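Next comes data37.cif, a file with mmCIF, C-alpha atoms and all ligand atoms.
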data_work
loop_
_atom_site.label_atom_id
_atom_site.label_comp_id
_atom_site.auth_asym_id
_atom_site.auth_seq_id
_atom_site.Cartn_x
_atom_site.Cartn_y
_atom_site.Cartn_z
CA MET A 273 25.89 0.36 59.83
CA ALA A 274 27.92 -0.75 56.90
CA GLU A 275 28.39 -1.23 53.22
CA ILE A 276 29.04 -4.92 52.61
CA THR A 277 31.34 -5.88 49.76
CA LEU A 278 31.91 -9.43 48.53
CA LYS A 279 35.13 -9.64 46.55
CA THR A 280 35.92 -12.62 44.30
CA LEU A 281 33.99 -14.69 46.82
CA ALA A 282 33.48 -18.42 46.27
CA HIS A 283 32.48 -21.32 48.45
CA SER A 284 32.46 -25.07 48.13
CA TYR A 285 31.44 -27.52 50.84
CA LEU A 286 33.74 -30.08 49.20
CA LYS A 287 37.40 -30.46 50.16
CA ASN A 288 38.66 -30.66 46.59
CA PRO A 289 36.19 -28.98 44.25
CA THR A 290 36.97 -29.57 40.59
CA SER A 291 34.12 -28.13 38.53
CA ALA A 292 31.78 -25.11 38.76
CA GLU A 293 28.98 -27.47 39.94
CA ASP A 294 31.01 -28.27 43.05
CA TYR A 295 30.57 -24.69 44.29
CA ALA A 296 27.58 -23.55 46.38
CA ILE A 297 28.77 -19.98 45.64
CA ARG A 298 30.51 -19.49 42.30
CA GLU A 299 33.03 -16.68 42.17
CA MET A 300 31.19 -13.40 42.58
CA ASP A 301 31.66 -9.70 43.27
CA HIS A 302 28.78 -7.91 44.89
CA VAL A 303 28.07 -4.77 46.95
CA TRP A 304 25.23 -4.20 49.39
CA GLU A 305 25.24 -0.44 49.94
CA GLN A 306 24.84 1.07 53.41
CA GLY A 307 21.18 1.61 54.28
CA GLY A 308 19.73 -0.36 51.36
CA ALA A 309 16.66 -2.63 51.62
CA TYR A 310 17.60 -5.68 49.59
CA ALA A 311 16.17 -9.08 48.83
CA LEU A 312 18.15 -12.16 47.90
CA LEU A 313 15.74 -14.21 45.80
CA GLY A 314 16.19 -17.66 44.34
CA PRO A 315 14.99 -21.27 44.38
CA SER A 316 15.84 -23.81 47.04
CA GLY A 317 19.51 -24.81 46.93
CA CYS A 318 20.79 -21.84 44.91
CA GLY A 319 23.10 -20.72 47.75
CA LYS A 320 21.15 -18.01 49.61
CA SER A 321 21.74 -19.28 53.15
CA THR A 322 25.36 -20.07 52.34
CA LEU A 323 25.89 -16.46 51.30
CA LEU A 324 24.19 -15.06 54.43
CA ASN A 325 26.22 -17.32 56.68
CA ILE A 326 29.43 -16.15 55.02
CA ILE A 327 28.46 -12.50 55.60
CA SER A 328 27.57 -13.08 59.25
CA GLY A 329 30.72 -15.13 59.85
CA LEU A 330 29.04 -18.44 60.65
CA LEU A 331 30.84 -19.88 57.63
CA GLN A 332 34.33 -19.21 56.23
CA PRO A 333 34.38 -18.86 52.42
CA SER A 334 36.72 -21.11 50.43
CA SER A 335 38.16 -18.02 48.74
CA GLY A 336 37.65 -14.29 48.41
CA GLU A 337 36.99 -11.50 50.84
CA VAL A 338 34.12 -10.03 52.85
CA LEU A 339 34.57 -6.30 53.52
CA PHE A 340 32.51 -4.07 55.85
CA ASP A 341 33.03 -0.42 54.89
CA GLY A 342 36.17 -1.45 53.04
CA GLN A 343 37.67 -3.37 56.00
CA ARG A 344 38.32 -7.09 55.62
CA VAL A 345 36.31 -9.06 58.19
CA ASN A 346 37.11 -12.64 57.10
CA ASP A 347 39.02 -13.25 60.30
CA LEU A 348 36.44 -11.75 62.65
CA PRO A 349 34.12 -14.16 64.51
CA PRO A 350 30.34 -13.55 64.16
CA GLU A 351 30.03 -11.70 67.50
CA GLN A 352 32.58 -9.11 66.40
CA ARG A 353 30.92 -8.46 63.03
CA ASN A 354 27.90 -6.88 64.68
CA ILE A 355 25.48 -8.51 62.26
CA ALA A 356 21.99 -9.43 63.40
CA GLN A 357 20.54 -12.53 61.78
CA VAL A 358 16.85 -13.48 61.94
CA PHE A 359 16.18 -17.10 61.00
CA GLN A 360 13.12 -18.96 59.70
CA PHE A 361 12.24 -20.13 63.18
CA PRO A 362 12.19 -17.67 66.07
CA VAL A 363 15.13 -17.78 68.45
CA VAL A 364 13.80 -16.66 71.83
CA TYR A 365 14.39 -17.62 75.46
CA ASP A 366 11.03 -19.13 76.44
CA THR A 367 11.45 -18.68 80.19
CA MET A 368 12.34 -14.99 79.94
CA THR A 369 9.85 -12.14 79.54
CA VAL A 370 9.64 -10.31 76.22
CA PHE A 371 11.41 -7.35 77.88
CA ASP A 372 14.30 -9.53 79.03
CA ASN A 373 14.56 -11.21 75.63
CA LEU A 374 14.90 -7.81 73.96
CA ALA A 375 17.30 -6.56 76.63
CA PHE A 376 19.49 -9.67 76.43
CA PRO A 377 21.85 -8.61 73.59
CA LEU A 378 22.44 -5.26 75.34
CA ARG A 379 22.98 -6.71 78.82
CA ASN A 380 25.48 -9.08 77.23
CA VAL A 381 27.73 -6.18 76.30
CA GLY A 382 27.26 -4.39 79.62
CA ILE A 383 25.09 -1.46 78.58
CA ASP A 384 23.63 0.78 81.26
CA GLU A 385 20.14 -0.41 82.47
CA GLU A 386 18.42 2.94 81.87
CA LYS A 387 19.69 3.03 78.29
CA ILE A 388 18.57 -0.57 77.81
CA ARG A 389 15.07 0.33 79.05
CA GLN A 390 14.77 3.22 76.59
CA LYS A 391 15.97 1.14 73.65
CA VAL A 392 13.74 -1.83 74.48
CA LEU A 393 10.67 0.43 74.81
CA GLU A 394 11.45 2.12 71.48
CA VAL A 395 11.84 -1.17 69.61
CA ALA A 396 8.80 -2.75 71.33
CA GLU A 397 6.71 0.21 70.25
CA VAL A 398 7.77 -0.08 66.60
CA LEU A 399 7.05 -3.80 66.59
CA GLU A 400 3.77 -3.36 68.51
CA LEU A 401 5.06 -5.56 71.31
CA THR A 402 4.52 -3.08 74.17
CA PRO A 403 1.48 -4.92 75.62
CA GLN A 404 3.46 -8.18 75.70
CA LEU A 405 6.62 -6.84 77.38
CA LYS A 406 5.89 -8.46 80.75
CA ARG A 407 4.74 -11.78 79.35
CA LYS A 408 6.88 -14.88 79.27
CA ALA A 409 8.02 -15.63 75.72
CA LYS A 410 6.71 -19.20 75.90
CA ASN A 411 3.13 -17.85 75.98
CA LEU A 412 3.47 -15.90 72.73
CA THR A 413 2.09 -16.84 69.32
CA ALA A 414 4.53 -17.80 66.53
CA ASP A 415 4.37 -14.36 64.91
CA GLU A 416 4.85 -12.57 68.24
CA LYS A 417 7.91 -14.75 68.86
CA GLN A 418 9.29 -13.89 65.44
CA LYS A 419 8.76 -10.20 66.20
CA VAL A 420 10.82 -10.69 69.37
CA SER A 421 13.56 -12.33 67.26
CA MET A 422 13.57 -9.32 64.95
CA GLY A 423 13.54 -6.97 67.92
CA ARG A 424 16.64 -8.62 69.35
CA GLY A 425 18.44 -7.62 66.15
CA LEU A 426 17.08 -4.10 66.21
CA VAL A 427 17.98 -3.16 69.80
CA ARG A 428 21.70 -3.48 69.12
CA GLU A 429 23.52 -0.19 68.65
CA ASN A 430 25.45 0.33 65.44
CA VAL A 431 24.45 -3.00 64.00
CA SER A 432 26.26 -3.40 60.63
CA ALA A 433 23.32 -5.06 58.92
CA ILE A 434 20.30 -7.24 59.59
CA LEU A 435 20.06 -10.46 57.59
CA PHE A 436 16.66 -12.08 57.40
CA ASP A 437 16.62 -15.73 56.31
CA GLU A 438 13.01 -16.46 55.19
CA PRO A 439 11.73 -14.83 58.40
CA LEU A 440 8.02 -15.11 57.62
CA THR A 441 7.88 -18.87 56.95
CA VAL A 442 6.14 -19.62 60.25
CA ILE A 443 3.85 -16.61 60.10
CA ASP A 444 0.15 -16.83 59.43
CA PRO A 445 -0.58 -15.70 55.82
CA GLN A 446 -2.86 -12.87 56.98
CA LEU A 447 -0.14 -11.48 59.22
CA LYS A 448 2.63 -11.76 56.64
CA TRP A 449 1.77 -8.59 54.79
CA LYS A 450 1.50 -6.70 58.08
CA LEU A 451 4.95 -7.81 59.21
CA ARG A 452 6.44 -7.01 55.82
CA ARG A 453 5.06 -3.47 56.09
CA LYS A 454 6.49 -3.28 59.57
CA LEU A 455 9.91 -4.28 58.29
CA LYS A 456 9.78 -1.54 55.66
CA GLU A 457 8.81 0.98 58.32
CA ILE A 458 11.70 -0.19 60.51
CA HIS A 459 14.05 0.13 57.56
CA ARG A 460 13.01 3.74 56.96
CA ARG A 461 13.25 4.63 60.63
CA PHE A 462 16.59 3.03 61.48
CA ASN A 463 18.39 3.32 58.11
CA ILE A 464 19.98 -0.10 58.50
CA THR A 465 21.31 -2.25 55.64
CA MET A 466 18.84 -5.10 55.38
CA VAL A 467 19.14 -8.25 53.31
CA TYR A 468 15.99 -10.34 53.13
CA VAL A 469 16.29 -13.89 51.83
CA THR A 470 13.27 -15.47 50.20
CA HIS A 471 12.20 -17.75 47.38
CA ASP A 472 8.94 -15.79 46.97
CA GLN A 473 8.97 -13.04 44.34
CA LEU A 474 6.06 -11.21 45.95
CA GLU A 475 7.83 -11.06 49.31
CA ALA A 476 11.01 -9.87 47.64
CA SER A 477 9.39 -7.10 45.64
CA THR A 478 7.20 -5.79 48.46
CA PHE A 479 10.16 -5.54 50.82
CA ALA A 480 13.15 -4.59 48.69
CA ASP A 481 14.21 -1.60 46.64
CA ARG A 482 16.63 -3.86 44.78
CA ILE A 483 16.62 -7.62 44.39
CA ALA A 484 19.58 -9.92 43.78
CA VAL A 485 18.36 -13.01 41.93
CA MET A 486 20.49 -16.07 42.64
CA TYR A 487 20.72 -19.11 40.45
CA GLU A 488 23.19 -21.99 40.78
CA GLY A 489 25.45 -20.08 43.17
CA GLN A 490 25.57 -16.88 41.15
CA VAL A 491 23.81 -13.52 41.31
CA VAL A 492 22.44 -13.44 37.76
CA GLN A 493 20.75 -10.04 38.13
CA PHE A 494 20.70 -7.23 40.67
CA GLY A 495 17.97 -4.73 39.95
CA THR A 496 14.68 -3.11 40.88
CA PRO A 497 11.53 -5.27 40.74
CA ARG A 498 10.61 -3.39 37.56
CA GLN A 499 13.96 -4.08 35.86
CA LEU A 500 13.65 -7.78 36.69
CA PHE A 501 10.23 -7.83 35.10
CA GLU A 502 10.86 -5.67 32.05
CA GLU A 503 14.45 -6.58 31.24
CA PRO A 504 15.42 -9.91 32.77
CA ALA A 505 19.19 -10.19 32.36
CA HIS A 506 19.17 -14.01 32.31
CA THR A 507 16.62 -16.54 31.10
CA PHE A 508 16.28 -17.84 34.66
CA VAL A 509 15.10 -14.40 35.85
CA GLY A 510 12.58 -14.44 33.00
CA TYR A 511 11.20 -17.84 34.09
CA PHE A 512 11.28 -17.10 37.81
CA ILE A 513 9.75 -13.60 37.89
CA GLY A 514 6.24 -12.98 36.64
CA SER A 515 3.16 -15.14 36.66
CA PRO A 516 3.37 -17.04 34.43
CA GLY A 517 7.06 -16.59 33.60
CA MET A 518 8.56 -15.31 30.36
CA ASN A 519 8.13 -17.31 27.12
CA PHE A 520 11.31 -18.37 25.34
CA LEU A 521 11.68 -19.55 21.75
CA ASP A 522 14.85 -21.22 20.51
CA VAL A 523 15.56 -19.50 17.21
CA ARG A 524 17.96 -19.55 14.30
CA ALA A 525 18.33 -17.35 11.23
CA ARG A 526 18.13 -19.00 7.81
CA ASN A 527 17.88 -17.35 4.39
CA GLY A 528 17.01 -13.94 5.85
CA GLN A 529 14.25 -15.30 8.09
CA LEU A 530 14.02 -16.34 11.70
CA PHE A 531 12.83 -19.86 12.56
CA SER A 532 11.60 -21.62 15.66
CA GLY A 533 11.86 -25.26 14.55
CA ASN A 534 10.32 -25.21 11.07
CA ASP A 535 8.10 -22.19 11.70
CA VAL A 536 8.90 -18.63 10.72
CA VAL A 537 8.90 -16.08 13.53
CA PRO A 538 8.12 -12.70 11.98
CA VAL A 539 10.24 -10.34 14.06
CA GLY A 540 11.47 -7.90 11.44
CA GLN A 541 14.64 -7.82 9.37
CA HIS A 542 16.66 -5.90 11.94
CA ILE A 543 16.48 -8.57 14.70
CA CYS A 544 16.93 -11.31 12.10
CA ASN A 545 20.16 -9.69 10.85
CA ILE A 546 21.55 -9.36 14.36
CA ILE A 547 20.87 -13.04 15.09
CA ALA A 548 22.34 -14.14 11.75
CA ASN A 549 25.64 -12.58 12.85
CA MET A 550 25.74 -14.16 16.32
CA HIS A 551 28.40 -16.80 16.97
CA SER A 552 26.30 -19.09 19.13
CA ASP A 553 23.84 -21.93 18.62
CA ASN A 554 22.04 -21.01 21.81
CA ILE A 555 19.87 -18.02 20.92
CA LYS A 556 16.45 -17.43 22.40
CA LEU A 557 13.79 -14.80 21.99
CA GLY A 558 12.00 -13.92 25.22
CA ILE A 559 8.60 -12.31 25.53
CA ARG A 560 6.41 -11.85 28.58
CA PRO A 561 2.87 -13.34 28.42
CA ASP A 562 1.65 -9.85 29.32
CA PHE A 563 3.07 -8.33 26.12
CA ILE A 564 1.91 -10.81 23.47
CA GLU A 565 -0.89 -9.34 21.34
CA VAL A 566 -3.67 -11.88 20.74
CA HIS A 567 -6.15 -11.50 17.84
CA ASP A 568 -8.86 -13.78 16.51
CA THR A 569 -8.28 -12.83 12.86
CA PRO A 570 -5.01 -12.78 10.87
CA ILE A 571 -2.80 -9.71 11.37
CA ASP A 572 0.27 -8.28 9.63
CA GLY A 573 3.47 -9.62 11.14
CA GLY A 574 1.48 -12.17 13.14
CA MET A 575 1.81 -15.92 13.75
CA GLU A 576 -0.97 -18.47 13.69
CA VAL A 577 -1.27 -20.51 16.88
CA GLU A 578 -3.56 -23.19 18.24
CA VAL A 579 -5.39 -22.30 21.48
CA THR A 580 -4.99 -25.34 23.73
CA GLY A 581 -6.33 -23.91 26.97
CA ALA A 582 -7.52 -20.87 28.87
CA GLN A 583 -7.40 -20.24 32.59
CA ASP A 584 -9.75 -17.58 33.93
CA LEU A 585 -8.07 -15.70 36.76
CA GLY A 586 -10.69 -13.02 37.39
CA THR A 587 -9.37 -9.76 35.94
CA TYR A 588 -7.37 -11.61 33.27
CA SER A 589 -7.05 -15.01 31.58
CA VAL A 590 -3.93 -16.98 30.75
CA LEU A 591 -4.07 -18.64 27.34
CA SER A 592 -2.01 -21.68 26.37
CA LEU A 593 -1.00 -21.39 22.73
CA ARG A 594 0.77 -23.98 20.60
CA PHE A 595 3.18 -22.59 18.02
CA GLY A 596 4.87 -25.49 16.20
CA ASP A 597 6.55 -27.51 18.97
CA VAL A 598 6.48 -24.66 21.47
CA LEU A 599 3.85 -23.93 24.10
CA LEU A 600 3.43 -20.20 24.76
CA LYS A 601 1.46 -18.42 27.48
CA ALA A 602 -0.33 -15.13 26.88
CA ARG A 603 -2.31 -12.93 29.26
CA ILE A 604 -5.47 -11.26 28.03
CA ASP A 605 -7.70 -8.84 29.93
CA GLU A 606 -11.12 -9.97 31.13
CA ASP A 607 -12.85 -7.73 28.56
CA GLN A 608 -11.15 -9.51 25.63
CA ALA A 609 -13.05 -12.55 24.32
CA THR A 610 -11.16 -15.84 24.60
CA PRO A 611 -10.32 -17.04 21.08
CA LYS A 612 -11.42 -20.59 20.25
CA GLY A 613 -9.39 -23.07 18.19
CA LYS A 614 -7.07 -20.75 16.30
CA ALA A 615 -5.60 -17.37 17.23
CA PHE A 616 -3.11 -14.94 15.72
CA ILE A 617 -0.39 -13.45 17.86
CA ARG A 618 2.19 -10.73 17.42
CA PHE A 619 5.27 -9.81 19.46
CA PRO A 620 5.70 -6.01 19.71
CA GLN A 621 9.34 -5.41 18.66
CA GLU A 622 10.23 -3.28 21.69
CA ARG A 623 9.01 -6.03 24.06
CA ILE A 624 11.21 -8.78 22.62
CA GLY A 625 14.34 -9.76 24.56
CA MET A 626 17.25 -11.54 22.88
CA TYR A 627 19.20 -14.12 24.91
CA VAL A 628 22.54 -15.50 23.83
CA ASP A 629 23.90 -18.37 25.92
CA GLU A 630 21.11 -17.57 28.42
CA TYR A 631 22.18 -13.92 28.97
CA ARG A 632 20.30 -10.92 27.59
CA VAL A 633 21.90 -9.01 24.75
CA GLU A 634 20.50 -5.55 24.15
CA ILE A 635 18.87 -4.99 20.77
CA ASN A 636 19.65 -1.56 19.41
CA HIS A 637 16.37 -0.62 17.74
CA GLU A 638 17.79 2.35 15.78
N1 LIG B 1 26.49 -27.94 55.36
C1 LIG B 1 26.46 -28.29 54.08
N2 LIG B 1 27.24 -29.28 53.61
C2 LIG B 1 27.23 -29.64 52.30
N3 LIG B 1 26.47 -29.03 51.36
C3 LIG B 1 25.67 -28.05 51.77
C4 LIG B 1 25.62 -27.62 53.14
N4 LIG B 1 24.74 -26.58 53.22
C5 LIG B 1 24.26 -26.39 51.97
N5 LIG B 1 24.83 -27.25 51.10
C6 LIG B 1 24.57 -27.32 49.63
O1 LIG B 1 24.94 -26.05 49.08
C7 LIG B 1 24.00 -25.64 48.10
C8 LIG B 1 23.39 -24.30 48.51
O2 LIG B 1 22.61 -24.49 49.68
P1 LIG B 1 21.92 -23.30 50.50
O3 LIG B 1 21.30 -23.87 51.73
O4 LIG B 1 22.88 -22.19 50.66
O5 LIG B 1 20.78 -22.86 49.46
P2 LIG B 1 19.46 -22.02 49.72
O6 LIG B 1 19.28 -21.22 48.49
O7 LIG B 1 19.57 -21.27 51.01
O8 LIG B 1 18.35 -23.13 49.80
P3 LIG B 1 17.09 -23.25 50.80
O9 LIG B 1 16.15 -22.15 50.39
O10 LIG B 1 16.55 -24.62 50.50
O11 LIG B 1 17.63 -23.11 52.19
C9 LIG B 1 22.97 -26.77 47.98
O12 LIG B 1 23.37 -27.59 46.92
C10 LIG B 1 23.09 -27.50 49.31
O13 LIG B 1 22.79 -28.86 49.16
#
Could you show the structure in this file as structure tokens?
Amino acid sequence: MAEITLKTLAHSYLKNPTSAEDYAIREMDHVWEQGGAYALLGPSGCGKSTLLNIISGLLQPSSGEVLFDGQRVNDLPPEQRNIAQVFQFPVVYDTMTVFDNLAFPLRNVGIDEEKIRQKVLEVAEVLELTPQLKRKAKNLTADEKQKVSMGRGLVRENVSAILFDEPLTVIDPQLKWKLRRKLKEIHRRFNITMVYVTHDQLEASTFADRIAVMYEGQVVQFGTPRQLFEEPAHTFVGYFIGSPGMNFLDVRARNGQLFSGNDVVPVGQHICNIIANMHSDNIKLGIRPDFIEVHDTPIDGGMEVEVTGAQDLGTYSVLSLRFGDVLLKARIDEDQATPKGKAFIRFPQERIGMYVDEYRVEINHE
């Protein structure tokens, strides 16, 4: 088991990279602590698989170091790094029994047969594969095969970490939640560092204690699911997490007031003063749809908006609201009547995030 440190790591698939865009992984420092349950979350192409392959040794980084418990492993081949990797599609030997599939990684390194038997039985029990142990792998369902793939990672003694690369893609939706719970249980029982790659925020937050959000080859935030929701560190995290994502308004301060286009955004003098002193043209206010107050009559400190749509989602509705040139989304509970035509909204001060050049800047409310 190991703590995995990535030190000034960068990777480009090009021979002569010239700009930041040429890098699949832009220079980063990151630590996965020993025993943590982590998710690596991001859209297609952001560099998740590249990062996993660098950790497992399938790919050599262009620059920087990979350290396991402080020891540099860049020069070690995958088999010596003792990393188990579970891929999207199950990797099993169809002609072997489930028992032999699970025993395979142990037999490979010459472990005693009795010890192998004990370990295989233990892992099969956790994964609920005991009834299938004598069956040939080719007769298994897709999710059973994927459980065998996971089991092959778990049987190995002193495995440094298990890396899961979208492991539930082929799994039936009804079984997904069950396998996710199983993975959590395995994590608690074996205390192994686990990194779970996904582009699905629900999968990430049900599995992981902390999530690294990747965007354009960078980890833009590393935090608990709650931190990602309440205090997104980058506008991308705001868009990507939450349903619907965070609203952003491009703003600028003029004559002691804050404007979005030609419309005044009443956020209070304090925030307006801070923004007036910022040396950037790229300033955004972010607010989650969940935190916008919606009224059907004018309110102090409110903004008039046009209601352009409402989507009923059972326990809540999502309203589409036009404010000047900007389309905002707001969530209202099922017991609140849907306003027609016009509405009046207010942003609670403590729920407003300020983003300068796409990164969050804390507002000191004192
Ligand atoms: N073997 C390769 N050769 C050249 N470019 C590659 C190679 N593998 C990945 N890339 C590029 O590197 C970037 C990161 O890809 P990567 O597969 O790591 O992203 P990802 O987040 O895992 O995406 P996905 O979820 O679609 O697998 C992408 O722009 C991709 O096109």
Mind dumping a table of every chain A residue within 6 Å of ligand LIG 1 (chain B), with the nearest atom pair and its distance in Å to one decimal, using all atoms listed in the file, sorted by chain and rising number, as JSON lines?
{"residue": "A:Tyr285", "atom": "CA", "partner": "B:LIG1", "partner_atom": "C2", "distance": 4.9}
{"residue": "A:Ala296", "atom": "CA", "partner": "B:LIG1", "partner_atom": "C7", "distance": 4.5}
{"residue": "A:Pro315", "atom": "CA", "partner": "B:LIG1", "partner_atom": "O6", "distance": 5.9}
{"residue": "A:Ser316", "atom": "CA", "partner": "B:LIG1", "partner_atom": "O10", "distance": 3.6}
{"residue": "A:Gly317", "atom": "CA", "partner": "B:LIG1", "partner_atom": "O5", "distance": 3.4}
{"residue": "A:Cys318", "atom": "CA", "partner": "B:LIG1", "partner_atom": "O6", "distance": 3.9}
{"residue": "A:Gly319", "atom": "CA", "partner": "B:LIG1", "partner_atom": "O4", "distance": 3.3}
{"residue": "A:Lys320", "atom": "CA", "partner": "B:LIG1", "partner_atom": "O6", "distance": 3.9}
{"residue": "A:Ser321", "atom": "CA", "partner": "B:LIG1", "partner_atom": "O7", "distance": 3.6}
{"residue": "A:Thr322", "atom": "CA", "partner": "B:LIG1", "partner_atom": "O4", "distance": 3.7}
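From CA of Lys279 in chain A back to CA of Ile513 in chain A, the distance works out to 27.1 Å.
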Query raised in the report: Between CA of His459 in chain A and CA of Leu440 in chain A, what is the distance, to one decimal in Å?
Result: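 Distance reported for this atom pair: 16.4 Å.
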**Report entry** Residue contacts of range 501-511 of chain A (9 Å, all atoms listed in the file) excluding same-chain residues fewer than 4 positions away, as a count of residues only
**Finding:** 25
Report task. For Glu275 in chain A, work out the shell of residues within 7 Å, counting all atoms listed in the file and skipping chain neighbours fewer than 3 positions away, then give it as a PyMOL selection string. Result -> chain A and resi 304-306+340-341
If you take every atom of range 503-506 of chain A that the file lists and fit an axis-aligned box around them with 4 Å extra on each side, what centre and edge lengths come out in Å to one decimal, as JSON?
{"center_x": 16.8, "center_y": -10.3, "center_z": 32.0, "size_x": 12.7, "size_y": 15.4, "size_z": 9.5}
Set the distance at 8 Å and use all atoms listed in the file: which residues neighbour Thr580 in chain A once local chain neighbours fewer than 2 positions away are removed? I'd like the list as a compact mmCIF listing (two decimals) with C-alpha atoms, keeping the file's coordinate frame.
# COMPACT_ATOMS: atom_id res chain seq x y z
CA GLU A 578 -3.56 -23.19 18.24
CA ALA A 582 -7.52 -20.87 28.87
CA LEU A 591 -4.07 -18.64 27.34
CA SER A 592 -2.01 -21.68 26.37
CA LEU A 593 -1.00 -21.39 22.73
CA ARG A 594 0.77 -23.98 20.60
CA GLY A 613 -9.39 -23.07 18.19
Report summary line: re CA of Glu576 in chain A and CA of Leu500 in chain A: distance 29.3 Å
Query raised in the report: Could you pull the residues within 9 Å of Asp553 in chain A, counting only C-alpha atoms, minus those fewer than 5 positions along the same chain, as a list in words?
Result: Val523, Arg524, Val628 and Asp629 of chain A
Requested in this report: Choose the residue, out of A:Tyr295, A:Tyr468, A:Tyr588, A:Phe512, that has the smallest atom-to-atom separation from Ala282 in chain A; count only C-alpha atoms.
Outcome: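 Of the candidates, the smallest distance to Ala282 in chain A is held by A:Tyr295.
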Report summary line: Restricting to all atoms listed in the file, whichever of A:Thr290, A:Thr478, A:Thr470, A:Asn463 is closest to Lys450 in chain A is A:Thr478
Requested in this report: Compile the contact shell of Asn430 in chain A as a PyMOL selection string: residues with an atom at most 9 Å away, counting all atoms listed in the file, same-chain residues fewer than 2 positions apart removed.
Outcome: chain A and resi 273-274+354+428+432-433+464
Query raised in the report: Can you tell me, as JSON, numbers by chain, which residues sit within 8 Å of (7.4, -10.3, 56.5) in the file's frame, using only C-alpha atoms?
Result: {"A": [439, 440, 448, 449, 450, 451, 452, 453, 454, 455, 475, 479]}
Query raised in the report: Using all atoms listed in the file, which residue out of A:Met550, A:Leu426, A:Ala414, A:Leu331 lies closest to Phe376 in chain A?
Result: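 Closest to Phe376 in chain A of all the choices is A:Leu426.
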